[in-house]
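Trainee: Here's a structure for you.
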Amino acid sequence: FTSFDPPMASYEISSNVRVLVDENPKCVCMYVPNALDDDVASTLLEKLDVENCTALGSLWHQYTDDNGPQDRLAAYWGDTCCDFWFVGLLLHPAPWPANLPELLLARRAAQQAAEYCQRRYGGKLDATKLTSCLANYYRRGQGHIDAHGDEVRAHGEDKYVISISLGGPREFVLTERGGSQREMRLQLEHGSALVMRGEDMQTAWKHALPLEGNDAPARIGLTFRSIVPGYEHFVKKL
């Protein structure tokens with residue numbers, strides 16, 4: 001499938017939302033359990049499983065960034081010109097795969113969460129359009145991400161990063177930067193959405209996905225992003 005304009009949320013998700021950070025409209029983090037239908041999430045997990053899937057083929061890669069080889073596999077899809085630059089790595093999106101309709105449903109679920117957040121904290125609804133998806137695959141007993149803030153320079157006005165979790169659960173850790181070092185931990189459950197909005201969410205807080213021993217369950221994180229098409233191309237010309 002190609003670019004699309006998803007409809008407004010057809011249901012109210014506010015009763016399920018757990019607000020983790022709510023400092024200002026540019027520093028918001030919330031957790032939405034069961035954001036994606038369980039059957040859809042399970043089917044998508046099976047199709048994306050690198051051990052037995054044929055849907056992605058060679059699209060799974062182990063990338064190397066400024067910190068060395070990443071401790072996970074990744075795939076990147078998106079609208080035309082939605083390049084993503086982070087930690088010295090520039091990713092060009094593969095087209096949205098026509099043989100993964102469940103990915104479209106996951107994108108719509110993430111879009112609904114973004115639109116709820118936008119109505120709650122203000123801003124233009126067209127600023128929530130999720131134009132790309134970075135998928136991260138963590139094998140059983142493997143894979144982690146150290147504490148960091150996401151690069152969101154290309155993510156438009158309200159800078160959305162929304163992760164739909166498949167498999168797991170895996171622990172997610174939020175830590176406030178600076179003197180307080182406040183910390184929050186939660187389990188990212190199958191089918192849940194973690195919503196981060198705003199540049200301050202990435203600069204005032206850092207987040208991590210630690211490895212919890214050799215029996216940590218396999219997980220795929222579908223990180224949908226509000227990248228502005230052509231942004232990185234424009235930056236290169238400056």
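Following the order of the structure tokens, chains are lettered A, B, ..., residues in each are numbered from 1, and ligands are numbered from 1.
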I'd like the neighbourhood of Arg177 (chain A) as number ranges by chain, where a residue qualifies if any of its atoms comes within 12 Å (using only C-alpha atoms), though same-chain residues fewer than 6 positions away should be ignored.
Mentor: A: 147-149, 183, 200-207
Trainee: Okay, now the selection with N, CA, C and O atoms, as a PDB file, in the first residue's frame?
Mentor:
```pdb
ATOM      1  N   ALA A 147      20.185   3.363  27.384  1.00  0.00           N
ATOM      2  CA  ALA A 147      19.446   4.605  27.620  1.00  0.00           C
ATOM      3  C   ALA A 147      19.861   5.673  26.605  1.00  0.00           C
ATOM      4  O   ALA A 147      21.053   5.905  26.372  1.00  0.00           O
ATOM      5  N   HIS A 148      18.862   6.330  26.020  1.00  0.00           N
ATOM      6  CA  HIS A 148      19.115   7.304  24.968  1.00  0.00           C
ATOM      7  C   HIS A 148      17.868   8.155  24.762  1.00  0.00           C
ATOM      8  O   HIS A 148      16.793   7.862  25.283  1.00  0.00           O
ATOM      9  N   GLY A 149      18.020   9.204  23.980  1.00  0.00           N
ATOM     10  CA  GLY A 149      16.899   9.970  23.468  1.00  0.00           C
ATOM     11  C   GLY A 149      16.877   9.831  21.959  1.00  0.00           C
ATOM     12  O   GLY A 149      17.923   9.802  21.311  1.00  0.00           O
ATOM     13  N   GLU A 183      12.912   7.649  37.819  1.00  0.00           N
ATOM     14  CA  GLU A 183      12.884   6.475  36.953  1.00  0.00           C
ATOM     15  C   GLU A 183      11.510   5.819  36.999  1.00  0.00           C
ATOM     16  O   GLU A 183      10.878   5.731  38.057  1.00  0.00           O
ATOM     17  N   ASP A 200      11.184  17.869  23.865  1.00  0.00           N
ATOM     18  CA  ASP A 200      11.605  17.833  25.270  1.00  0.00           C
ATOM     19  C   ASP A 200      11.542  16.417  25.839  1.00  0.00           C
ATOM     20  O   ASP A 200      12.292  16.084  26.763  1.00  0.00           O
ATOM     21  N   MET A 201      10.644  15.586  25.296  1.00  0.00           N
ATOM     22  CA  MET A 201      10.556  14.206  25.772  1.00  0.00           C
ATOM     23  C   MET A 201      11.844  13.451  25.497  1.00  0.00           C
ATOM     24  O   MET A 201      12.222  12.538  26.252  1.00  0.00           O
ATOM     25  N   GLN A 202      12.552  13.850  24.445  1.00  0.00           N
ATOM     26  CA  GLN A 202      13.798  13.180  24.089  1.00  0.00           C
ATOM     27  C   GLN A 202      15.028  13.828  24.727  1.00  0.00           C
ATOM     28  O   GLN A 202      16.060  13.163  24.886  1.00  0.00           O
ATOM     29  N   THR A 203      14.933  15.099  25.075  1.00  0.00           N
ATOM     30  CA  THR A 203      16.091  15.789  25.658  1.00  0.00           C
ATOM     31  C   THR A 203      16.054  15.818  27.180  1.00  0.00           C
ATOM     32  O   THR A 203      17.110  15.834  27.831  1.00  0.00           O
ATOM     33  N   ALA A 204      14.861  15.831  27.779  1.00  0.00           N
ATOM     34  CA  ALA A 204      14.739  15.874  29.240  1.00  0.00           C
ATOM     35  C   ALA A 204      14.668  14.481  29.857  1.00  0.00           C
ATOM     36  O   ALA A 204      14.896  14.321  31.055  1.00  0.00           O
ATOM     37  N   TRP A 205      14.354  13.479  29.027  1.00  0.00           N
ATOM     38  CA  TRP A 205      14.260  12.091  29.488  1.00  0.00           C
ATOM     39  C   TRP A 205      15.046  11.195  28.538  1.00  0.00           C
ATOM     40  O   TRP A 205      15.270  11.543  27.383  1.00  0.00           O
ATOM     41  N   LYS A 206      15.456  10.051  29.038  1.00  0.00           N
ATOM     42  CA  LYS A 206      16.051   9.023  28.196  1.00  0.00           C
ATOM     43  C   LYS A 206      15.321   7.709  28.455  1.00  0.00           C
ATOM     44  O   LYS A 206      14.734   7.512  29.527  1.00  0.00           O
ATOM     45  N   HIS A 207      15.331   6.835  27.475  1.00  0.00           N
ATOM     46  CA  HIS A 207      14.621   5.569  27.625  1.00  0.00           C
ATOM     47  C   HIS A 207      15.516   4.418  27.186  1.00  0.00           C
ATOM     48  O   HIS A 207      16.444   4.587  26.397  1.00  0.00           O
TER      49      HIS A 207
END
```
Trainee: Please run DSSP on the backbone and report, as an NGL selection string, all residues within region 50-201 of chain A that come out as helix (DSSP H, G or I).
Mentor: :A and (57-59 or 101-121 or 125-128 or 199-201)
Trainee: Residues near Val87 (chain A), anyone? I mean within 8 Å using only C-alpha atoms, not counting same-chain ones fewer than 6 positions away, as a list of chain:residue names.
Mentor: A:Asp65, A:Asp66, A:Asn67, A:Glu151
Trainee: In Å, rounded to a single decimal, give me how far CA of Pro217 (chain A) is from CA of Asp150 (chain A).
Mentor: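 Taking CA of Asp150 (chain A) as the start and CA of Pro217 (chain A) as the end point, the length is 23.9 Å.
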Trainee: Per residue of region 30-50 of chain A within 8 Å of region 109-130 of chain A, note the shortest atom pair and the distance in Å to one decimal, counting only C-alpha atoms, and order the rows by chain and increasing residue number, as a tab-separated table.
Mentor:
```
residue	atom	partner	partner_atom	distance
A:Val32	CA	A:Ala113	CA	7.8
A:Ala35	CA	A:Ala109	CA	6.1
A:Leu36	CA	A:Ala109	CA	5.9
```
Trainee: Now that the selection is made, can you save its residues with N, CA and C atoms as a PDB file, in the first residue's frame?
Mentor:
```
ATOM      1  N   VAL A  32      -0.590   2.843  26.099  1.00  0.00           N
ATOM      2  CA  VAL A  32      -1.941   2.400  25.758  1.00  0.00           C
ATOM      3  C   VAL A  32      -1.929   0.882  25.576  1.00  0.00           C
ATOM      4  N   ALA A  35      -3.745  -1.560  22.241  1.00  0.00           N
ATOM      5  CA  ALA A  35      -4.014  -0.594  21.172  1.00  0.00           C
ATOM      6  C   ALA A  35      -4.294  -1.291  19.845  1.00  0.00           C
ATOM      7  N   LEU A  36      -3.659  -2.443  19.639  1.00  0.00           N
ATOM      8  CA  LEU A  36      -3.846  -3.220  18.419  1.00  0.00           C
ATOM      9  C   LEU A  36      -4.564  -4.516  18.758  1.00  0.00           C
TER      10      LEU A  36
END
```
Trainee: Tell me which protein, DNA and RNA residues are within 12 Å of Ala94 (chain A), counting only C-alpha atoms, leaving out same-chain ones fewer than 5 positions away, and put them as number ranges by chain.
Mentor: A: 1-2, 56, 58-60, 74-84, 131-135
Trainee: Can you spit out the residues from that selection as an mmCIF file, in the first residue's frame, using C-alpha atoms?
Mentor:
```cif
data_model
loop_
_atom_site.group_PDB
_atom_site.id
_atom_site.type_symbol
_atom_site.label_atom_id
_atom_site.label_comp_id
_atom_site.auth_asym_id
_atom_site.auth_seq_id
_atom_site.Cartn_x
_atom_site.Cartn_y
_atom_site.Cartn_z
ATOM 1 C CA PHE A 1 0.000 0.000 0.000
ATOM 2 C CA THR A 2 1.054 3.624 -0.382
ATOM 3 C CA LEU A 56 10.211 -9.483 4.462
ATOM 4 C CA SER A 58 16.168 -9.494 2.812
ATOM 5 C CA LEU A 59 14.580 -6.408 4.407
ATOM 6 C CA TRP A 60 15.883 -7.429 7.855
ATOM 7 C CA ALA A 74 15.886 -3.798 11.810
ATOM 8 C CA ALA A 75 13.726 -2.991 8.796
ATOM 9 C CA TYR A 76 12.546 0.435 7.665
ATOM 10 C CA TRP A 77 9.459 1.295 5.600
ATOM 11 C CA GLY A 78 7.892 4.623 4.811
ATOM 12 C CA ASP A 79 6.419 7.149 2.442
ATOM 13 C CA THR A 80 8.612 8.456 -0.350
ATOM 14 C CA CYS A 81 11.548 10.627 0.816
ATOM 15 C CA CYS A 82 10.978 9.889 4.527
ATOM 16 C CA ASP A 83 14.669 9.271 5.216
ATOM 17 C CA PHE A 84 15.625 8.806 8.868
ATOM 18 C CA THR A 131 4.869 8.491 7.632
ATOM 19 C CA SER A 132 7.420 5.789 8.434
ATOM 20 C CA CYS A 133 8.082 2.727 10.572
ATOM 21 C CA LEU A 134 11.373 1.435 11.956
ATOM 22 C CA ALA A 135 10.916 -2.192 13.009
#
```
Trainee: Between CA of Gln181 (chain A) and CA of Pro210 (chain A), measure the distance and give it in Å to one decimal.
Mentor: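 Separating CA of Gln181 (chain A) from CA of Pro210 (chain A) is a distance of 17.1 Å.
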Trainee: Separation of CA of Leu89 (chain A) and CA of Pro25 (chain A), in Å?
Mentor: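 Between CA of Leu89 (chain A) and CA of Pro25 (chain A) the gap works out to 28.7 Å.
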